[in-house]
Structure formats: C-alpha cells, structure tokens
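The file protein_35.cif contains mmCIF, C-alpha atoms:
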```
data_coords
#
loop_
_atom_site.label_atom_id
_atom_site.label_comp_id
_atom_site.auth_asym_id
_atom_site.auth_seq_id
_atom_site.Cartn_x
_atom_site.Cartn_y
_atom_site.Cartn_z
CA MET A 1 -130.45 -124.58 29.23
CA THR A 2 -130.27 -128.27 28.36
CA ILE A 3 -129.57 -130.93 30.94
CA TYR A 4 -125.76 -130.89 30.87
CA GLN A 5 -125.55 -127.11 31.24
CA THR A 6 -128.02 -127.32 34.13
CA LEU A 7 -126.03 -130.10 35.78
CA LEU A 8 -122.55 -128.61 35.43
CA GLY A 9 -123.46 -124.97 36.08
CA GLU A 10 -120.38 -122.74 35.98
CA ASP A 11 -118.16 -125.76 35.29
CA PHE A 12 -119.76 -126.06 31.84
CA SER A 13 -117.66 -123.08 30.69
CA ARG A 14 -114.49 -125.00 31.67
CA LEU A 15 -115.14 -127.67 29.05
CA HIS A 16 -113.17 -127.48 25.83
CA PRO A 17 -115.11 -125.11 23.52
CA MET A 18 -115.91 -127.97 21.13
CA LEU A 19 -117.33 -130.03 23.99
CA GLN A 20 -119.43 -127.05 25.02
CA ARG A 21 -120.87 -126.97 21.51
CA ARG A 22 -121.41 -130.72 21.55
CA TYR A 23 -123.26 -130.73 24.88
CA THR A 24 -125.38 -127.60 24.41
CA LEU A 25 -127.86 -129.73 22.41
CA PRO A 26 -130.77 -127.40 21.59
CA VAL A 27 -134.15 -129.14 21.71
CA ASP A 28 -134.89 -131.17 18.55
CA GLN A 29 -131.52 -130.28 16.96
CA PRO A 30 -129.59 -133.58 17.03
CA PHE A 31 -125.83 -133.87 17.34
CA TYR A 32 -124.76 -136.50 14.81
CA ALA A 33 -121.23 -137.79 14.32
CA THR A 34 -119.34 -140.66 12.73
CA GLY A 35 -115.98 -142.11 13.59
CA VAL A 36 -113.92 -145.17 14.37
CA MET A 37 -113.56 -147.18 17.54
CA ARG A 38 -109.87 -148.04 17.56
CA LYS A 39 -110.58 -150.84 20.02
CA ILE A 40 -113.68 -152.56 21.38
CA GLU A 41 -113.36 -155.30 24.00
CA SER A 42 -116.25 -157.21 25.54
CA GLY A 43 -116.18 -159.55 28.53
CA ALA A 44 -115.54 -163.25 29.03
CA LYS A 45 -117.21 -165.83 26.76
CA TRP A 46 -119.20 -167.29 29.64
CA LEU A 47 -121.12 -164.00 29.76
CA ARG A 48 -122.69 -164.75 26.35
CA PRO A 49 -126.18 -165.48 27.82
CA PHE A 50 -126.15 -162.02 29.42
CA TYR A 51 -125.04 -160.38 26.16
CA ALA A 52 -127.77 -162.26 24.27
CA ILE A 53 -130.38 -160.53 26.42
CA ALA A 54 -128.58 -157.18 26.30
CA THR A 55 -128.35 -157.09 22.49
CA LYS A 56 -132.12 -157.54 22.21
CA THR A 57 -132.59 -154.36 24.23
CA ARG A 58 -129.93 -152.36 22.32
CA PHE A 59 -127.53 -152.39 25.25
CA LEU A 60 -124.20 -154.29 25.55
CA PHE A 61 -122.99 -156.82 22.97
CA PRO A 62 -120.43 -159.68 22.80
CA GLU A 63 -118.32 -158.55 19.81
CA SER A 64 -114.77 -157.23 20.10
CA GLY A 65 -112.70 -155.65 17.35
CA GLU A 66 -110.36 -152.94 16.12
CA ASP A 67 -111.01 -149.99 13.81
CA VAL A 68 -114.78 -150.49 13.96
CA PRO A 69 -116.83 -147.74 12.24
CA PHE A 70 -119.55 -146.23 14.40
CA SER A 71 -122.03 -143.38 14.58
CA ILE A 72 -123.56 -141.47 17.45
CA CYS A 73 -126.71 -139.36 17.60
CA ASN A 74 -127.77 -137.29 20.62
CA THR A 75 -131.21 -135.68 20.58
CA CYS A 76 -132.68 -133.47 23.28
CA ARG A 77 -136.47 -133.57 23.44
CA THR A 78 -139.15 -132.22 25.73
CA LEU A 79 -141.25 -134.78 27.61
CA PRO A 80 -144.98 -134.27 28.32
CA SER A 81 -143.94 -133.31 31.87
CA GLY A 82 -141.91 -130.41 30.47
CA GLU A 83 -138.65 -132.11 31.50
CA HIS A 84 -135.83 -132.33 28.98
CA GLU A 85 -134.53 -135.77 28.01
CA VAL A 86 -131.49 -136.62 25.88
CA LEU A 87 -131.64 -139.74 23.74
CA TRP A 88 -128.29 -141.43 23.03
CA GLU A 89 -128.11 -143.72 20.00
CA ARG A 90 -124.75 -145.38 19.35
CA THR A 91 -124.33 -147.78 16.40
CA PHE A 92 -121.28 -150.00 15.85
CA TYR A 93 -120.70 -151.47 12.37
CA PHE A 94 -118.80 -154.74 12.77
CA SER A 95 -117.94 -156.69 9.61
CA ASN A 96 -120.76 -159.20 10.15
CA LYS A 97 -123.05 -157.45 12.66
CA THR A 98 -124.49 -154.05 13.43
CA ARG A 99 -124.84 -153.44 17.16
CA HIS A 100 -126.57 -150.69 19.13
CA PHE A 101 -126.14 -149.07 22.54
CA ASP A 102 -129.04 -146.78 23.50
CA ALA A 103 -129.73 -144.69 26.57
CA ARG A 104 -132.11 -141.98 27.82
CA MET A 105 -130.88 -139.28 30.20
CA THR A 106 -132.60 -136.70 32.37
CA VAL A 107 -131.14 -134.52 35.12
CA ASP A 108 -131.81 -134.27 38.84
CA PRO A 109 -130.67 -130.68 39.55
CA VAL A 110 -131.15 -131.05 43.32
CA GLN A 111 -128.94 -134.12 43.73
CA LYS A 112 -126.61 -132.97 40.92
CA LYS A 113 -126.79 -136.20 38.94
CA VAL A 114 -127.96 -137.51 35.59
CA LYS A 115 -130.56 -140.27 35.59
CA ASP A 116 -129.56 -142.76 32.91
CA TYR A 117 -131.80 -145.54 31.54
CA LEU A 118 -129.79 -147.99 29.44
CA GLY A 119 -131.27 -149.95 26.56
CA SER A 120 -134.45 -149.81 24.47
CA PRO A 121 -136.52 -150.86 26.32
CA ALA A 122 -134.48 -149.99 29.39
CA LEU A 123 -132.70 -152.93 31.06
CA PHE A 124 -130.66 -151.00 33.64
CA TYR A 125 -130.74 -147.65 35.45
CA SER A 126 -127.67 -145.80 36.71
CA ASP A 127 -126.96 -142.50 38.41
CA LEU A 128 -124.23 -140.62 36.54
CA HIS A 129 -121.91 -138.00 38.03
CA PHE A 130 -120.26 -135.49 35.69
CA ALA A 131 -117.01 -133.61 36.24
CA VAL A 132 -114.70 -131.40 34.17
CA THR A 133 -110.94 -131.95 34.25
CA SER A 134 -108.36 -129.17 34.39
CA GLU A 135 -107.68 -129.87 30.68
CA GLY A 136 -111.33 -129.31 29.77
CA ARG A 137 -112.27 -132.96 29.28
CA LEU A 138 -115.56 -134.42 30.50
CA VAL A 139 -115.42 -137.35 32.93
CA ILE A 140 -118.54 -139.35 33.79
CA ARG A 141 -118.72 -141.95 36.58
CA SER A 142 -121.62 -144.21 37.51
CA GLY A 143 -123.27 -144.28 40.92
CA VAL A 144 -126.29 -146.17 42.25
CA GLN A 145 -127.65 -148.75 39.80
CA ARG A 146 -130.90 -150.68 39.44
CA PHE A 147 -132.20 -153.53 37.28
CA VAL A 148 -135.33 -152.50 35.33
CA VAL A 149 -138.21 -154.90 34.68
CA SER A 150 -141.03 -153.06 32.91
CA LYS A 151 -142.07 -150.41 35.47
CA LEU A 152 -140.31 -152.13 38.39
CA GLU A 153 -136.78 -151.19 39.45
CA CYS A 154 -134.70 -153.46 41.72
CA SER A 155 -131.52 -152.34 43.47
CA ILE A 156 -128.30 -154.01 42.32
CA PRO A 157 -125.81 -155.01 45.07
CA ASN A 158 -122.50 -153.15 44.82
CA ILE A 159 -120.61 -156.33 43.99
CA LEU A 160 -122.79 -156.87 40.89
CA GLU A 161 -122.70 -153.32 39.52
CA GLY A 162 -121.21 -152.46 36.16
CA ARG A 163 -119.06 -149.50 37.14
CA VAL A 164 -118.76 -147.00 34.33
CA VAL A 165 -116.03 -144.46 33.61
CA VAL A 166 -116.30 -142.28 30.50
CA GLU A 167 -113.78 -139.68 29.38
CA GLU A 168 -114.51 -137.47 26.39
CA GLY A 169 -112.22 -134.79 25.00
CA PHE A 170 -111.23 -132.95 21.86
CA ASP A 171 -107.90 -133.30 20.04
CA ASN A 172 -107.04 -129.92 18.53
CA SER A 173 -104.17 -131.30 16.45
CA ARG A 174 -106.45 -133.71 14.57
CA ASN A 175 -109.75 -131.85 14.98
CA VAL A 176 -111.58 -134.88 16.40
CA PHE A 177 -113.56 -135.73 19.51
CA THR A 178 -112.01 -138.52 21.57
CA ILE A 179 -113.87 -141.07 23.69
CA HIS A 180 -112.88 -143.79 26.13
CA VAL A 181 -115.53 -145.89 27.92
CA SER A 182 -114.89 -148.61 30.50
CA ILE A 183 -117.60 -150.78 32.12
CA HIS A 184 -116.12 -152.98 34.82
CA ASN A 185 -117.51 -155.27 37.50
CA PRO A 186 -115.41 -155.84 40.67
CA LEU A 187 -116.25 -159.55 40.67
CA ILE A 188 -116.38 -160.45 36.98
CA GLY A 189 -113.95 -157.95 35.47
CA ARG A 190 -114.44 -156.18 32.16
CA LEU A 191 -117.96 -156.02 30.73
CA MET A 192 -117.06 -153.65 27.90
CA MET A 193 -114.39 -151.17 26.88
CA TYR A 194 -114.23 -149.02 23.80
CA ALA A 195 -111.97 -146.18 22.74
CA GLY A 196 -111.97 -144.12 19.56
CA GLU A 197 -112.62 -140.79 17.88
CA PHE A 198 -115.37 -139.06 15.90
CA THR A 199 -116.28 -135.91 14.00
CA GLN A 200 -119.60 -134.09 13.75
CA GLN A 201 -121.57 -134.55 10.53
CA SER A 202 -124.62 -132.88 9.02
CA ARG A 203 -127.63 -135.09 8.27
#
```

Any chance you could put this one into structure tokens?
Amino acid sequence: MTIYQTLLGEDFSRLHPMLQRRYTLPVDQPFYATGVMRKIESGAKWLRPFYAIATKTRFLFPESGEDVPFSICNTCRTLPSGEHEVLWERTFYFSNKTRHFDARMTVDPVQKKVKDYLGSPALFYSDLHFAVTSEGRLVIRSGVQRFVVSKLECSIPNILEGRVVVEEGFDNSRNVFTIHVSIHNPLIGRLMMYAGEFTQQSR
C-alpha cells in the first residue's frame, strides 16, 4: 500500500472511487493532470519579501488571478530507507510568470499523520491530518509546523503558523477533480487561496 492507503486504512474505501484511483499511486507511476484554477489569491502586498524567498524554493508566490492554467504531478518513490515518499509538483501558468509549489510527503503510521516538507529545498515542515467526508471527499488539515534551515528544524509559534485546509473531490456531472486550498494565518490573514478543477492526463 502507498502512504495514503496506509494512513486512512478502512476510510480509504469511503473516498469517491476516482479519488481512490488518484491516491493509490503505485511506485514510479506518476499521476499527472492539467486544469484551471478558477481563482488564486495571495496575501497582502507587504508580504512581498516573504514571497520573494518562498518563490526561490518553489513554495508560495505573490501572484493572484482567475482562470489560471496549472498542472499537477504526484510521484510515489521508494527512499533508500525503504520508506515510501510522494513528491508533489504543482505548476501555475500565469500570463507573465510560471510559478511552482512543491512538497514531499511521508507517513507516520503510528501517529496517523503525514509528514509534509514544503518547497525545494524545503522551507517549512507541517504535520497533515487526513479525513474523509460523508460525501467521499478528502479533507486535509495542518498540525504542528516547523521552519526548516538546511538540516535544522525550528518550531513555529501557533500565532505564526500558516494553517492549511485542503478539500479535494470529484464532480461526476463534469467528470473533473475539484480542489480548494486555503492557507491562513490567525495574525496576518490569508497567505494563499486557490480553487479549481483538473483532469488526469497521460504523459
């Protein structure tokens, strides 16, 4: 089993069948999809210095827009330790910029959480907690977070965390995956929000 099946256990079968296919992710068989973000909203302009650092590590970015084309690629690979890791590569094609949002995920089956390193190289770490709704959608919420400096990790105070909520589903009427992501800080407000849809493609 790959990391999401291991994490969710019996709840994995409650996901919409298309989400089950999407998150099975056999080793070295990437899931690739293209779509449109109907809306992307970044944070306040005074956060530009933070975004300038984040864009260099393929993390957050300052652009906002509507109907922005994007692609996503998820690849499960086996680490030298034998542990499975899923690489997330999201690319957003603005009219004058191409932006990236990368992450690497592994699972802690004992604590029932995903360990998420954000950026390439990683800039932040976050625990992620997965749940399945009664409608078969996948909801992901962030937990403990740390700032990453090379091999050092420093705890982030709660008031400075970027709290993440992700909801992914499948629209049977239009045969598309749907996605809504919100990253919010209790002190600063919105850091990023995007919402859109995508369909699987062959490569």

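Of note, CA of Phe59 in chain A and CA of Arg38 in chain A are spaced 19.7 Å apart.
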
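CA of Ser126 in chain A to CA of Pro17 in chain A spans 27.6 Å [interatomic distance, one decimal].
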
Atomic separation - CA of Leu87 in chain A relative to CA of Ser182 in chain A, Å = 20.1 Å

If you count all atoms listed in the file, which residues fall within 10 Å of Gln145 in chain A, apart from same-chain ones fewer than 3 positions away, as a ChimeraX atom specification?
-> /A:115-117,124-128,142,148,153-158,160-163

Got a sec to resolve the PyMOL selection byres ((chain A and resi 1-15) around 9) on this structure and send the residues as a ChimeraX atom specification?
-> /A:16-20,23-27,76,84-86,105-109,112-114,130-138,169

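Of the listed residues A:Leu187, A:Val176, A:Val144, A:Leu60, the one whose atoms come nearest to Leu123 in chain A is A:Leu60, with distances taken using all atoms listed in the file.
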
Can you pull out every residue within 6 Å of range 189-201 of chain A, counting all atoms listed in the file, but drop anything in the same chain fewer than 5 positions away, and send it as a ChimeraX atom specification?
-> /A:32-43,176-184

Do you know which residues the PyMOL selection byres ((chain A and resi 45) around 12) returns on this file, as a PyMOL selection string?
-> chain A and resi 41-44+46-52+61-64+188+190-191

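The shortest atom-to-atom distance to Arg58 in chain A, with all atoms listed in the file taken into account, belongs to A:Phe101 out of A:Phe70, A:Phe101, A:Trp88, A:Phe94.
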
Nearest residue to His129 in chain A from the set A:Val164, A:Ala103, A:Val68, A:Ala54 (distances using only C-alpha atoms) | A:Val164

How big is the axis-aligned box, and where does its centre sit, when it encloses all atoms of range 165-175 of chain A listed in the file and has 6 Å added on every side, reported in Å to one decimal as JSON?
```
{"center_x": -110.2, "center_y": -137.2, "center_z": 24.1, "size_x": 24.1, "size_y": 26.5, "size_z": 31.0}
```

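Nearest residue to Gly119 in chain A among A:Arg77, A:Arg141, A:Arg90, A:Arg174 is A:Arg90, counting only C-alpha atoms.
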
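If only C-alpha atoms are the atoms counted, then among A:Leu152, A:Cys73, A:Val165, A:Leu79 the closest residue to Pro30 in chain A is A:Cys73.
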
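Closest to His100 in chain A among A:Gly82, A:Thr57, A:Pro69, A:Pro121 is A:Thr57, based on only C-alpha atoms.
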
Could you rebuild range 169-180 of chain A with all heavy atoms and give it back as a PDB file, keeping the file's coordinate frame?
```pdb
ATOM      1  N   GLY A 169    -113.017-135.999  25.198  1.00  0.00           N
ATOM      2  CA  GLY A 169    -112.220-134.790  25.000  1.00  0.00           C
ATOM      3  C   GLY A 169    -112.239-134.350  23.558  1.00  0.00           C
ATOM      4  O   GLY A 169    -113.026-134.845  22.743  1.00  0.00           O
ATOM      5  N   PHE A 170    -111.361-133.404  23.249  1.00  0.00           N
ATOM      6  CA  PHE A 170    -111.230-132.950  21.860  1.00  0.00           C
ATOM      7  C   PHE A 170    -109.753-132.765  21.568  1.00  0.00           C
ATOM      8  O   PHE A 170    -109.028-132.110  22.332  1.00  0.00           O
ATOM      9  CB  PHE A 170    -111.977-131.634  21.626  1.00  0.00           C
ATOM     10  CG  PHE A 170    -112.056-131.264  20.171  1.00  0.00           C
ATOM     11  CD1 PHE A 170    -113.038-131.817  19.363  1.00  0.00           C
ATOM     12  CD2 PHE A 170    -111.140-130.385  19.602  1.00  0.00           C
ATOM     13  CE1 PHE A 170    -113.111-131.498  18.009  1.00  0.00           C
ATOM     14  CE2 PHE A 170    -111.200-130.066  18.261  1.00  0.00           C
ATOM     15  CZ  PHE A 170    -112.188-130.620  17.458  1.00  0.00           C
ATOM     16  N   ASP A 171    -109.299-133.366  20.459  1.00  0.00           N
ATOM     17  CA  ASP A 171    -107.900-133.300  20.040  1.00  0.00           C
ATOM     18  C   ASP A 171    -107.766-132.180  19.012  1.00  0.00           C
ATOM     19  O   ASP A 171    -108.185-132.325  17.854  1.00  0.00           O
ATOM     20  CB  ASP A 171    -107.487-134.652  19.448  1.00  0.00           C
ATOM     21  CG  ASP A 171    -106.001-134.717  19.124  1.00  0.00           C
ATOM     22  OD1 ASP A 171    -105.408-133.665  18.796  1.00  0.00           O
ATOM     23  OD2 ASP A 171    -105.433-135.828  19.181  1.00  0.00           O
ATOM     24  N   ASN A 172    -107.172-131.063  19.428  1.00  0.00           N
ATOM     25  CA  ASN A 172    -107.040-129.920  18.530  1.00  0.00           C
ATOM     26  C   ASN A 172    -106.149-130.217  17.327  1.00  0.00           C
ATOM     27  O   ASN A 172    -106.385-129.710  16.228  1.00  0.00           O
ATOM     28  CB  ASN A 172    -106.447-128.723  19.293  1.00  0.00           C
ATOM     29  CG  ASN A 172    -107.429-128.128  20.276  1.00  0.00           C
ATOM     30  OD1 ASN A 172    -108.606-127.986  19.981  1.00  0.00           O
ATOM     31  ND2 ASN A 172    -106.954-127.794  21.472  1.00  0.00           N
ATOM     32  N   SER A 173    -105.130-131.044  17.527  1.00  0.00           N
ATOM     33  CA  SER A 173    -104.170-131.300  16.450  1.00  0.00           C
ATOM     34  C   SER A 173    -104.803-132.068  15.295  1.00  0.00           C
ATOM     35  O   SER A 173    -104.397-131.919  14.148  1.00  0.00           O
ATOM     36  CB  SER A 173    -102.956-132.065  16.987  1.00  0.00           C
ATOM     37  OG  SER A 173    -103.332-133.351  17.463  1.00  0.00           O
ATOM     38  N   ARG A 174    -105.813-132.903  15.611  1.00  0.00           N
ATOM     39  CA  ARG A 174    -106.450-133.710  14.570  1.00  0.00           C
ATOM     40  C   ARG A 174    -107.906-133.315  14.339  1.00  0.00           C
ATOM     41  O   ARG A 174    -108.578-133.885  13.482  1.00  0.00           O
ATOM     42  CB  ARG A 174    -106.343-135.193  14.922  1.00  0.00           C
ATOM     43  CG  ARG A 174    -104.900-135.689  14.928  1.00  0.00           C
ATOM     44  CD  ARG A 174    -104.801-137.184  15.187  1.00  0.00           C
ATOM     45  NE  ARG A 174    -105.354-137.540  16.484  1.00  0.00           N
ATOM     46  CZ  ARG A 174    -106.290-138.452  16.666  1.00  0.00           C
ATOM     47  NH1 ARG A 174    -106.806-139.093  15.647  1.00  0.00           N
ATOM     48  NH2 ARG A 174    -106.724-138.727  17.877  1.00  0.00           N
ATOM     49  N   ASN A 175    -108.388-132.364  15.130  1.00  0.00           N
ATOM     50  CA  ASN A 175    -109.750-131.850  14.980  1.00  0.00           C
ATOM     51  C   ASN A 175    -110.800-132.949  15.112  1.00  0.00           C
ATOM     52  O   ASN A 175    -111.737-133.048  14.316  1.00  0.00           O
ATOM     53  CB  ASN A 175    -109.906-131.137  13.628  1.00  0.00           C
ATOM     54  CG  ASN A 175    -111.080-130.168  13.615  1.00  0.00           C
ATOM     55  OD1 ASN A 175    -111.357-129.508  14.629  1.00  0.00           O
ATOM     56  ND2 ASN A 175    -111.772-130.071  12.494  1.00  0.00           N
ATOM     57  N   VAL A 176    -110.646-133.779  16.154  1.00  0.00           N
ATOM     58  CA  VAL A 176    -111.580-134.880  16.400  1.00  0.00           C
ATOM     59  C   VAL A 176    -111.955-134.924  17.880  1.00  0.00           C
ATOM     60  O   VAL A 176    -111.163-134.552  18.748  1.00  0.00           O
ATOM     61  CB  VAL A 176    -110.997-136.257  15.992  1.00  0.00           C
ATOM     62  CG1 VAL A 176    -110.760-136.325  14.495  1.00  0.00           C
ATOM     63  CG2 VAL A 176    -109.728-136.585  16.768  1.00  0.00           C
ATOM     64  N   PHE A 177    -113.160-135.391  18.147  1.00  0.00           N
ATOM     65  CA  PHE A 177    -113.560-135.730  19.510  1.00  0.00           C
ATOM     66  C   PHE A 177    -112.943-137.083  19.859  1.00  0.00           C
ATOM     67  O   PHE A 177    -112.835-137.966  18.998  1.00  0.00           O
ATOM     68  CB  PHE A 177    -115.083-135.823  19.623  1.00  0.00           C
ATOM     69  CG  PHE A 177    -115.800-134.519  19.464  1.00  0.00           C
ATOM     70  CD1 PHE A 177    -116.307-134.148  18.225  1.00  0.00           C
ATOM     71  CD2 PHE A 177    -115.969-133.665  20.546  1.00  0.00           C
ATOM     72  CE1 PHE A 177    -116.985-132.949  18.066  1.00  0.00           C
ATOM     73  CE2 PHE A 177    -116.642-132.455  20.400  1.00  0.00           C
ATOM     74  CZ  PHE A 177    -117.142-132.096  19.155  1.00  0.00           C
ATOM     75  N   THR A 178    -112.561-137.246  21.108  1.00  0.00           N
ATOM     76  CA  THR A 178    -112.010-138.520  21.570  1.00  0.00           C
ATOM     77  C   THR A 178    -112.912-139.085  22.658  1.00  0.00           C
ATOM     78  O   THR A 178    -113.523-138.336  23.429  1.00  0.00           O
ATOM     79  CB  THR A 178    -110.586-138.356  22.115  1.00  0.00           C
ATOM     80  OG1 THR A 178    -110.604-137.428  23.220  1.00  0.00           O
ATOM     81  CG2 THR A 178    -109.653-137.838  21.025  1.00  0.00           C
ATOM     82  N   ILE A 179    -112.988-140.419  22.732  1.00  0.00           N
ATOM     83  CA  ILE A 179    -113.870-141.070  23.690  1.00  0.00           C
ATOM     84  C   ILE A 179    -113.214-142.339  24.217  1.00  0.00           C
ATOM     85  O   ILE A 179    -112.594-143.087  23.452  1.00  0.00           O
ATOM     86  CB  ILE A 179    -115.241-141.390  23.041  1.00  0.00           C
ATOM     87  CG1 ILE A 179    -116.196-142.063  24.023  1.00  0.00           C
ATOM     88  CG2 ILE A 179    -115.068-142.222  21.787  1.00  0.00           C
ATOM     89  CD1 ILE A 179    -116.740-141.157  25.086  1.00  0.00           C
ATOM     90  N   HIS A 180    -113.324-142.541  25.512  1.00  0.00           N
ATOM     91  CA  HIS A 180    -112.880-143.790  26.130  1.00  0.00           C
ATOM     92  C   HIS A 180    -113.929-144.188  27.169  1.00  0.00           C
ATOM     93  O   HIS A 180    -114.252-143.401  28.062  1.00  0.00           O
ATOM     94  CB  HIS A 180    -111.515-143.628  26.807  1.00  0.00           C
ATOM     95  CG  HIS A 180    -110.951-144.919  27.323  1.00  0.00           C
ATOM     96  ND1 HIS A 180    -111.411-145.530  28.474  1.00  0.00           N
ATOM     97  CD2 HIS A 180    -109.973-145.732  26.837  1.00  0.00           C
ATOM     98  CE1 HIS A 180    -110.748-146.647  28.681  1.00  0.00           C
ATOM     99  NE2 HIS A 180    -109.868-146.797  27.693  1.00  0.00           N
TER     100      HIS A 180
END
```
